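Peer 1: Just dropping this structure here.
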Amino acid sequence: MRLNSGILAVLIISLFALGIGGTMAFNLWHTESSKNPVLIKEGEFAGLPNPSDIRGSYTLEDISNAFNIPINDLAQAFGVSENKAAFQVKQLEEIYENTLKDFEIGTDSVRLFTALYLGLPHTAESTTALPQTALDLLVAKNKINDIKAAEFQKISFDLTNIQKQDSETSNTHDSTLEDRTIKGKTTFYDLISWGVSQREIEEVVGEKIVSGSTTIRDWAMKKNLEFLDYKEKLQQLVDKTEP
Amino acid sequence: MAKDKKKSARIRLVVQILFFLVVTLIVTAHNLVEIGVEIPLIGSASIHSICPFGGVVSIYEFFVSGSFVKKIHESSFILMAIVFLLSLLAGPVFCGWVCPFGSFQEWIAKLGKKIFKKRFNHFIPYKIDKYLRFLRYVVLVWVIYMTATSGQLLFQNIDPFYTLFNFYTSEMAISGYIVFGVIVVLGFFVERPFCKYACPYGALLGIFNLFRLFGIKRNAATCIDCKACDKICPMNIPISDKSTIRNHQCITCMKCSSEQSCPVPDTLNLEAGKAKKEAKDDAA
Ligand code: SF4
Ligand code: SF4
């Protein structure tokens, strides 16, 4: 049996057409990411999906499916209000481009959030930041303890008013407070990051702290309490800790 | 007769142009989508997702972890299967008919032929050259090893195929431009330098030459030993003393065949089954 150029040409084109068309018909033709993160290969978490493998093209729905995290938690953490399922995490990079001075909110932020949410390992990049809403959600859902919360507060930023604020002031924990003095902008997290334990704070305020990112003044105003009283008491706790 | 020969050569050129255009269109659409411009009706696959070699480097990762190497998708696996099937039938037709970078090098060769005339593609003595051709297997092993251990497409940084379609994007590494430049310059002296010495995918597909179903077969009984086939072969394969071409470098371009260069009809063909000479020998 012999093939000439004409037959060979037809064979080549039809094999490509049939192969691609056929797999398309069975919905097997995907030129986008497979959306299945690799599994962790070794150690305690071997066999679980690896948050470090989340890619920019993953949508919140993909992550929700792959990691079994409610889509609403992801959306709330990253402030996505519309079209949640189809939101690709790389869009975060565009939305928050240049909003933070030395930090970035992007795909790696989602990796970090997912890892913290599930207690899985992930080494975030040194410039990766979290939205404050993400950290609040992790705390509210008891996904991380207060020591970790204080640690991650350093890289968490309030992005709700980002358009109005520049990157310096968008930082809700007032990192400029080198003198560790409680001011109107000081949050409960700031206290924790200064070394005061959550339990000590809760003893002073007489209740559980629900949102660490609330400023102490806002909390007092909401409760109809005198900010200055609490400021003084909490300041004493701060002063007791080593800087 | 001469008209038929030209027609046969033209058929392959049309297929080459077709695939070149399709790939250009798809990759351009992808790069435009990245910057927010969408071309309607055209898919926006990245070059990785439509590169069958991506499927190859991804095999290891796929079986170990059930996932693809970063940037490689199911489509690469499907294309890989199509190309393997074609290769099983007729050898590396992908190289000779489909690969846009192979076609690109062939078009540069047209200029090289104009400049160097008969000397083009004959600068390196074949005695040495035939060993140099095994270099691409070194590249193949290296690429598969590096990709499998890192899970990243490291070859992208030097892949001239990638450069050809992405030279204007920010994803380009400087090493990519350098390798590309070297290959273009070499292409004026040697036909398909990348295919011959460096292409890992060509290396892999070349293996199919050893057992392909339809092979280039010479009928020794009618051959007049004019060596026209040897002279025309872009891969410098000695054809006129073989009954079946099993050389790992053949790309099934059909240039040697009686359809195109061999002056004797029905003497050099792409055929399944035993070469005529061998068949006769068997009968005897
Ligand atoms: S000229 Fe013949 S032997 Fe040489 S690559 Fe083309 S088909 Fe193969
Ligand atoms: S071109 Fe044809 S006739 Fe001439 S040597 Fe090759 S096979 Fe024989």
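Ordered as shown in the structure tokens, chains take letters A, B, and onward, while each chain numbers its residues from 1 and ligands are numbered from 1 in the order shown.
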Got a sec to check which residues lie within 7 Å of ligand 1, using only C-alpha atoms and all ligand atoms, and send them as a list in words?

Peer 2: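 Selection of residues at most 7 Å from ligand 1: Ile216, Cys229, Ile232, Cys233, Pro234, Met235, Asn236, Ile237, Ile239, Ile245, Gln249, Cys250, Ile251, Thr252, Cys253, Met254, Lys255, Cys256 and Ser257 of chain B.
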
Peer 1: Hey, which residues sit close to ligand 2? Say within 7 Å, counting only C-alpha atoms and all ligand atoms, and write them as a ChimeraX atom specification.

Peer 2: /B:218,223-230,239-240,256,258,261-264,267-268

Peer 1: For the selection you just gave me, I'd like the residues written to a file as a CSV table (one decimal), in the first residue's frame, keeping C-alpha atoms.

Peer 2:
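Ended up saving to out-v9.csv:
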```
chain,number,residue,atom,x,y,z
B,218,ARG,CA,13.6,2.2,-2.7
B,223,CYS,CA,16.9,2.5,-9.3
B,224,ILE,CA,19.4,3.9,-11.8
B,225,ASP,CA,21.8,5.0,-9.0
B,226,CYS,CA,21.7,8.7,-10.0
B,227,LYS,CA,21.8,9.8,-6.3
B,228,ALA,CA,19.3,12.6,-6.9
B,229,CYS,CA,17.6,11.5,-3.7
B,230,ASP,CA,20.8,11.8,-1.6
B,239,ILE,CA,19.1,6.9,0.6
B,240,SER,CA,20.4,5.5,-2.7
B,256,CYS,CA,13.4,12.3,-2.3
B,258,SER,CA,9.6,9.5,-7.2
B,261,SER,CA,13.0,14.1,-7.1
B,262,CYS,CA,13.7,10.6,-8.0
B,263,PRO,CA,13.6,10.6,-11.9
B,264,VAL,CA,12.3,7.0,-12.2
B,267,THR,CA,11.1,3.7,-7.5
B,268,LEU,CA,11.2,5.7,-4.3
```

Peer 1: Within 10 Å of chain B, which residues belong to chain A? Use only C-alpha atoms and report them as a short mmCIF file (atom, residue, chain, number, x, y, z; two decimals) with all heavy atoms, in the first residue's frame.

Peer 2:
```
data_model
loop_
_atom_site.label_atom_id
_atom_site.label_comp_id
_atom_site.auth_asym_id
_atom_site.auth_seq_id
_atom_site.Cartn_x
_atom_site.Cartn_y
_atom_site.Cartn_z
N MET A 1 0.84 -1.20 0.00
CA MET A 1 0.00 0.00 0.00
C MET A 1 0.87 1.25 0.00
O MET A 1 1.87 1.30 0.70
CB MET A 1 -0.88 -0.01 1.25
CG MET A 1 -2.04 0.92 1.14
SD MET A 1 -2.97 0.91 2.68
CE MET A 1 -3.89 2.39 2.51
N ARG A 2 0.48 2.21 -0.81
CA ARG A 2 1.32 3.38 -1.00
C ARG A 2 0.58 4.67 -0.60
O ARG A 2 -0.62 4.79 -0.81
CB ARG A 2 1.71 3.46 -2.47
CG ARG A 2 2.72 4.51 -2.79
CD ARG A 2 3.12 4.45 -4.25
NE ARG A 2 3.80 3.19 -4.58
CZ ARG A 2 4.14 2.85 -5.83
NH1 ARG A 2 3.86 3.63 -6.85
NH2 ARG A 2 4.74 1.71 -6.06
N LEU A 3 1.32 5.61 -0.04
CA LEU A 3 0.74 6.92 0.27
C LEU A 3 1.45 7.97 -0.58
O LEU A 3 2.67 7.97 -0.66
CB LEU A 3 0.96 7.29 1.74
CG LEU A 3 0.30 6.46 2.84
CD1 LEU A 3 0.65 7.03 4.20
CD2 LEU A 3 -1.20 6.43 2.66
N ASN A 4 0.68 8.86 -1.20
CA ASN A 4 1.34 9.98 -1.86
C ASN A 4 1.09 11.25 -1.06
O ASN A 4 0.39 11.24 -0.04
CB ASN A 4 0.87 10.12 -3.32
CG ASN A 4 -0.62 10.41 -3.39
OD1 ASN A 4 -1.21 10.94 -2.46
ND2 ASN A 4 -1.23 10.03 -4.51
N SER A 5 1.67 12.36 -1.50
CA SER A 5 1.58 13.61 -0.73
C SER A 5 0.15 14.02 -0.46
O SER A 5 -0.19 14.48 0.62
CB SER A 5 2.30 14.74 -1.46
OG SER A 5 3.67 14.48 -1.50
N GLY A 6 -0.70 13.85 -1.49
CA GLY A 6 -2.10 14.26 -1.34
C GLY A 6 -2.78 13.48 -0.23
O GLY A 6 -3.43 14.06 0.67
N ILE A 7 -2.61 12.17 -0.25
CA ILE A 7 -3.26 11.34 0.77
C ILE A 7 -2.70 11.66 2.15
O ILE A 7 -3.41 11.78 3.14
CB ILE A 7 -3.06 9.83 0.45
CG1 ILE A 7 -3.67 9.51 -0.92
CG2 ILE A 7 -3.70 8.97 1.53
CD1 ILE A 7 -3.42 8.07 -1.36
N LEU A 8 -1.38 11.84 2.18
CA LEU A 8 -0.73 12.15 3.46
C LEU A 8 -1.28 13.47 4.03
O LEU A 8 -1.58 13.57 5.22
CB LEU A 8 0.78 12.24 3.25
CG LEU A 8 1.66 12.16 4.50
CD1 LEU A 8 1.34 10.92 5.32
CD2 LEU A 8 3.14 12.14 4.10
N ALA A 9 -1.45 14.46 3.15
CA ALA A 9 -1.97 15.76 3.60
C ALA A 9 -3.37 15.59 4.19
O ALA A 9 -3.67 16.11 5.27
CB ALA A 9 -2.00 16.74 2.44
N VAL A 10 -4.20 14.83 3.49
CA VAL A 10 -5.57 14.61 3.97
C VAL A 10 -5.55 13.87 5.31
O VAL A 10 -6.26 14.21 6.25
CB VAL A 10 -6.40 13.81 2.92
CG1 VAL A 10 -7.76 13.43 3.49
CG2 VAL A 10 -6.55 14.65 1.65
N LEU A 11 -4.67 12.88 5.38
CA LEU A 11 -4.55 12.08 6.60
C LEU A 11 -4.15 12.97 7.80
O LEU A 11 -4.76 12.90 8.87
CB LEU A 11 -3.48 11.00 6.38
CG LEU A 11 -3.36 9.95 7.46
CD1 LEU A 11 -4.56 9.00 7.40
CD2 LEU A 11 -2.07 9.14 7.27
N ILE A 12 -3.16 13.82 7.57
CA ILE A 12 -2.68 14.68 8.65
C ILE A 12 -3.80 15.61 9.13
O ILE A 12 -4.13 15.68 10.31
CB ILE A 12 -1.46 15.53 8.20
CG1 ILE A 12 -0.26 14.61 7.93
CG2 ILE A 12 -1.09 16.58 9.26
CD1 ILE A 12 0.89 15.30 7.21
N ILE A 13 -4.39 16.31 8.16
CA ILE A 13 -5.41 17.29 8.54
C ILE A 13 -6.61 16.61 9.19
O ILE A 13 -7.14 17.07 10.20
CB ILE A 13 -5.82 18.15 7.32
CG1 ILE A 13 -4.62 19.00 6.90
CG2 ILE A 13 -7.01 19.05 7.65
CD1 ILE A 13 -4.80 19.78 5.64
N LEU A 15 -6.73 13.73 10.79
CA LEU A 15 -6.42 13.20 12.13
C LEU A 15 -6.44 14.32 13.18
O LEU A 15 -6.97 14.15 14.27
CB LEU A 15 -5.05 12.52 12.13
CG LEU A 15 -5.06 11.00 12.05
CD1 LEU A 15 -3.65 10.44 12.09
CD2 LEU A 15 -5.88 10.39 13.19
N PHE A 16 -5.88 15.46 12.81
CA PHE A 16 -5.92 16.60 13.75
C PHE A 16 -7.35 17.05 13.98
O PHE A 16 -7.78 17.25 15.11
CB PHE A 16 -5.07 17.77 13.23
CG PHE A 16 -3.63 17.70 13.67
CD1 PHE A 16 -2.66 17.13 12.85
CD2 PHE A 16 -3.24 18.17 14.92
CE1 PHE A 16 -1.33 17.04 13.25
CE2 PHE A 16 -1.91 18.08 15.33
CZ PHE A 16 -0.96 17.52 14.50
N ALA A 17 -8.09 17.17 12.88
CA ALA A 17 -9.46 17.66 13.00
C ALA A 17 -10.32 16.69 13.82
O ALA A 17 -11.06 17.10 14.72
CB ALA A 17 -10.06 17.87 11.61
N LEU A 18 -10.18 15.40 13.50
CA LEU A 18 -10.99 14.41 14.22
C LEU A 18 -10.58 14.33 15.69
O LEU A 18 -11.42 14.26 16.59
CB LEU A 18 -10.83 13.03 13.58
CG LEU A 18 -11.62 12.78 12.31
CD1 LEU A 18 -11.28 11.40 11.74
CD2 LEU A 18 -13.13 12.88 12.60
N GLY A 19 -9.28 14.34 15.92
CA GLY A 19 -8.77 14.23 17.30
C GLY A 19 -9.23 15.40 18.15
O GLY A 19 -9.77 15.22 19.25
N ILE A 20 -9.08 16.60 17.61
CA ILE A 20 -9.45 17.79 18.39
C ILE A 20 -10.97 17.90 18.48
O ILE A 20 -11.53 18.07 19.57
CB ILE A 20 -8.83 19.07 17.78
CG1 ILE A 20 -7.31 18.99 17.85
CG2 ILE A 20 -9.34 20.31 18.50
CD1 ILE A 20 -6.57 20.07 17.09
N THR A 23 -12.47 15.10 20.78
CA THR A 23 -12.28 15.31 22.22
C THR A 23 -13.07 16.53 22.70
O THR A 23 -13.52 16.58 23.83
CB THR A 23 -10.79 15.47 22.59
OG1 THR A 23 -10.20 16.42 21.73
CG2 THR A 23 -10.07 14.15 22.48
N MET A 24 -13.25 17.50 21.77
CA MET A 24 -14.08 18.66 22.13
C MET A 24 -15.51 18.20 22.40
O MET A 24 -16.15 18.62 23.36
CB MET A 24 -14.09 19.68 21.00
CG MET A 24 -13.04 20.73 21.11
SD MET A 24 -13.15 21.81 19.67
CE MET A 24 -11.93 23.03 20.11
N LEU A 28 -13.31 16.92 26.46
CA LEU A 28 -12.00 16.55 27.01
C LEU A 28 -10.91 17.52 26.56
O LEU A 28 -9.77 17.44 26.99
CB LEU A 28 -11.60 15.14 26.53
CG LEU A 28 -12.46 14.00 27.07
CD1 LEU A 28 -12.17 12.72 26.29
CD2 LEU A 28 -12.18 13.80 28.54
N TRP A 29 -11.29 18.39 25.64
CA TRP A 29 -10.29 19.31 25.08
C TRP A 29 -10.20 20.56 25.97
O TRP A 29 -11.07 21.40 25.96
CB TRP A 29 -10.68 19.71 23.65
CG TRP A 29 -9.77 20.70 23.02
CD1 TRP A 29 -9.95 22.05 22.93
CD2 TRP A 29 -8.50 20.44 22.40
NE1 TRP A 29 -8.89 22.64 22.29
CE2 TRP A 29 -7.99 21.67 21.97
CE3 TRP A 29 -7.74 19.28 22.18
CZ2 TRP A 29 -6.75 21.77 21.32
CZ3 TRP A 29 -6.53 19.39 21.54
CH2 TRP A 29 -6.04 20.62 21.10
N HIS A 30 -9.15 20.64 26.78
CA HIS A 30 -8.99 21.81 27.64
C HIS A 30 -7.65 22.45 27.37
O HIS A 30 -6.62 21.83 27.57
CB HIS A 30 -9.04 21.41 29.11
CG HIS A 30 -10.33 20.79 29.49
ND1 HIS A 30 -11.52 21.49 29.51
CD2 HIS A 30 -10.64 19.52 29.85
CE1 HIS A 30 -12.51 20.67 29.86
NE2 HIS A 30 -12.00 19.48 30.08
N THR A 31 -7.71 23.70 26.93
CA THR A 31 -6.44 24.40 26.74
C THR A 31 -6.14 25.29 27.93
O THR A 31 -5.14 25.96 27.99
CB THR A 31 -6.47 25.28 25.47
OG1 THR A 31 -7.50 26.26 25.65
CG2 THR A 31 -6.75 24.47 24.24
N GLU A 32 -7.07 25.28 28.87
CA GLU A 32 -6.83 26.03 30.09
C GLU A 32 -6.32 25.06 31.14
O GLU A 32 -6.34 23.85 30.96
CB GLU A 32 -8.14 26.67 30.56
CG GLU A 32 -8.56 27.86 29.73
CD GLU A 32 -7.61 29.03 29.86
OE1 GLU A 32 -7.17 29.30 30.99
OE2 GLU A 32 -7.29 29.65 28.84
N SER A 33 -5.94 25.60 32.24
CA SER A 33 -5.37 24.78 33.30
C SER A 33 -6.32 23.66 33.71
O SER A 33 -7.54 23.79 33.65
CB SER A 33 -5.12 25.68 34.50
OG SER A 33 -4.66 24.90 35.55
N SER A 34 -5.75 22.55 34.14
CA SER A 34 -6.57 21.41 34.51
C SER A 34 -7.31 21.64 35.82
O SER A 34 -8.22 20.92 36.16
CB SER A 34 -5.69 20.17 34.65
OG SER A 34 -4.76 20.39 35.68
N LYS A 35 -6.92 22.68 36.54
CA LYS A 35 -7.59 23.05 37.79
C LYS A 35 -7.50 21.96 38.86
O LYS A 35 -8.29 21.96 39.78
CB LYS A 35 -9.06 23.41 37.59
CG LYS A 35 -9.38 24.21 36.36
CD LYS A 35 -8.77 25.57 36.37
CE LYS A 35 -9.30 26.39 35.21
NZ LYS A 35 -8.48 27.53 34.91
N ASN A 36 -6.61 21.03 38.65
CA ASN A 36 -6.38 20.05 39.70
C ASN A 36 -4.99 20.28 40.25
O ASN A 36 -4.01 19.94 39.60
CB ASN A 36 -6.45 18.63 39.14
CG ASN A 36 -7.87 18.25 38.83
OD1 ASN A 36 -8.79 18.60 39.57
ND2 ASN A 36 -8.05 17.56 37.72
N PRO A 37 -4.90 20.88 41.41
CA PRO A 37 -3.56 21.13 41.94
C PRO A 37 -2.84 19.80 42.21
O PRO A 37 -3.49 18.78 42.46
CB PRO A 37 -3.82 21.88 43.23
CG PRO A 37 -5.22 21.59 43.58
CD PRO A 37 -5.94 21.32 42.32
N VAL A 38 -1.53 19.84 42.15
CA VAL A 38 -0.77 18.62 42.46
C VAL A 38 -0.99 18.28 43.92
O VAL A 38 -1.40 19.13 44.72
CB VAL A 38 0.75 18.79 42.21
CG1 VAL A 38 1.03 19.02 40.75
CG2 VAL A 38 1.33 19.90 43.06
N LEU A 39 -0.74 17.04 44.26
CA LEU A 39 -0.91 16.63 45.65
C LEU A 39 0.41 16.78 46.39
O LEU A 39 1.48 16.67 45.78
CB LEU A 39 -1.39 15.17 45.70
CG LEU A 39 -2.64 14.88 44.86
CD1 LEU A 39 -3.01 13.41 44.95
CD2 LEU A 39 -3.83 15.74 45.31
N ILE A 40 0.32 17.03 47.66
CA ILE A 40 1.54 17.14 48.46
C ILE A 40 2.20 15.76 48.45
O ILE A 40 1.53 14.74 48.65
CB ILE A 40 1.21 17.60 49.89
CG1 ILE A 40 0.62 19.02 49.82
CG2 ILE A 40 2.44 17.57 50.78
CD1 ILE A 40 0.08 19.54 51.13
N LYS A 41 3.51 15.74 48.17
CA LYS A 41 4.16 14.46 47.91
C LYS A 41 4.59 13.72 49.17
O LYS A 41 4.51 12.51 49.25
CB LYS A 41 5.36 14.66 46.99
CG LYS A 41 4.93 14.86 45.56
CD LYS A 41 6.10 14.94 44.60
CE LYS A 41 5.61 15.36 43.21
NZ LYS A 41 6.56 16.08 42.44
N GLY A 47 -0.62 13.54 50.00
CA GLY A 47 -1.88 13.09 49.42
C GLY A 47 -2.94 14.18 49.39
O GLY A 47 -3.95 14.05 48.69
N PRO A 49 -4.31 18.07 48.45
CA PRO A 49 -3.96 19.03 47.40
C PRO A 49 -3.03 20.12 47.94
O PRO A 49 -3.18 20.55 49.08
CB PRO A 49 -5.31 19.61 46.97
CG PRO A 49 -6.25 19.28 48.08
CD PRO A 49 -5.74 18.04 48.73
N ASP A 53 0.26 25.09 44.63
CA ASP A 53 0.08 24.85 43.20
C ASP A 53 -1.10 25.63 42.61
O ASP A 53 -1.39 25.52 41.42
CB ASP A 53 -0.10 23.35 42.95
CG ASP A 53 0.12 23.01 41.47
OD1 ASP A 53 1.11 23.52 40.91
OD2 ASP A 53 -0.70 22.29 40.90
N ARG A 55 -2.94 28.26 40.71
CA ARG A 55 -2.41 29.11 39.65
C ARG A 55 -3.35 30.28 39.39
O ARG A 55 -4.52 30.22 39.73
CB ARG A 55 -2.24 28.30 38.37
CG ARG A 55 -1.37 27.09 38.66
CD ARG A 55 -1.34 26.08 37.56
NE ARG A 55 -0.88 24.80 38.10
CZ ARG A 55 -0.59 23.75 37.37
NH1 ARG A 55 -0.69 23.82 36.07
NH2 ARG A 55 -0.20 22.64 37.93
N SER A 57 -4.89 31.26 36.94
CA SER A 57 -6.08 31.05 36.12
C SER A 57 -7.19 30.33 36.90
O SER A 57 -8.29 30.18 36.38
CB SER A 57 -5.71 30.23 34.89
OG SER A 57 -5.16 28.99 35.28
#
```

Peer 1: Just how far from CA of Ile182 (chain A) is CA of Ala77 (chain A), in Å to one decimal?

Peer 2: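 Atom-to-atom, CA of Ala77 (chain A) to CA of Ile182 (chain A), that is 27.2 Å.
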
Peer 1: Taking the backbone alone, and naming residues the way the document does, which bits of region 60-192 of chain A are alpha helix (DSSP H) by DSSP, as a ChimeraX atom specification?

Peer 2: /A:60-67,71-77,91-95,107-118,132-140,146-153,188-192

Peer 1: So which residues touch Arg192 (chain B) within 10 Å, counting only C-alpha atoms, skipping near sequence neighbours fewer than 5 positions away, as a list in words?

Peer 2: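 Contacts, with the query itself left out: Phe101, Gly102, Ser103, Phe104, Gln105, Glu106, Trp107, Ile108, Ala109, Asn121, Ile183, Val184, Leu186, Gly187, Tyr197, Ala198, Cys199, Pro234 and Met235 of chain B.
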
Peer 1: Need to verify the contact set: Phe152 (chain A), 10 Å, only C-alpha atoms, exclusion of same-chain residues closer than 4 positions in sequence. Can you return it as a ChimeraX atom specification?

Peer 2: /A:129-130,132,135,144,146-148,156,189,193

Peer 1: Which of these residues is nearest to Tyr162 (chain B), using only C-alpha atoms: B:Pro238, B:Gly176, B:Gly202, B:Gly112?

Peer 2: B:Gly176

Peer 1: Step one, run DSSP on the backbone; step two, keep only residues of chain A assigned to strand (DSSP E); then write them as an MDAnalysis selection string.

Peer 2: chainID A and resid 2:3 130:131 156:157

Peer 1: Give me, as a compact mmCIF listing (two decimals) with N, CA and C atoms, in the first residue's frame, all polymer residues having an atom no more than 7 Å from Asp136 (chain A), counting only C-alpha atoms and skipping those fewer than 2 positions away in the same chain.

Peer 2:
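New file selection34.txt:
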```txt
# COMPACT_ATOMS: atom_id res chain seq x y z
N GLN A 132 -7.30 42.36 54.98
CA GLN A 132 -7.71 42.25 56.39
C GLN A 132 -8.91 41.33 56.53
N THR A 133 -9.79 41.39 55.52
CA THR A 133 -10.99 40.55 55.57
C THR A 133 -10.63 39.06 55.60
N ALA A 134 -9.52 38.71 54.94
CA ALA A 134 -9.11 37.30 54.92
C ALA A 134 -8.65 36.88 56.31
N LEU A 138 -10.27 34.10 58.96
CA LEU A 138 -9.50 32.98 59.53
C LEU A 138 -9.63 32.96 61.05
N VAL A 139 -9.62 34.15 61.65
CA VAL A 139 -9.73 34.24 63.11
C VAL A 139 -11.15 33.86 63.54
N ALA A 140 -12.13 34.44 62.84
CA ALA A 140 -13.52 34.20 63.22
C ALA A 140 -13.87 32.72 63.12
N SER A 211 -13.63 40.63 66.19
CA SER A 211 -12.87 41.08 65.04
C SER A 211 -11.64 41.85 65.51
N GLY A 212 -10.50 41.21 65.30
CA GLY A 212 -9.24 41.82 65.76
C GLY A 212 -8.89 43.08 65.02
N SER A 213 -9.49 43.28 63.83
CA SER A 213 -9.11 44.44 63.05
C SER A 213 -9.90 45.69 63.43
```

Peer 1: Write out as a list in words the residues lying within 12 Å of Gln76 (chain A), counting only C-alpha atoms and excluding same-chain residues fewer than 2 positions away.

Peer 2: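 Result of the neighbour search: Leu60, Ile69, Pro70, Ile71, Asn72, Asp73, Leu74, Phe78, Gly79, Val80, Ser81, Glu82, Lys84, Phe113, Pro131, Gln132, Thr133, Ala134, Leu135, Asp136, Leu137, Leu138 and Thr160 of chain A.
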
Peer 1: Expressed in Å to a single decimal, how great is the separation between CA of Ile105 (chain A) and CA of Ala66 (chain A)?

Peer 2: 21.3 Å
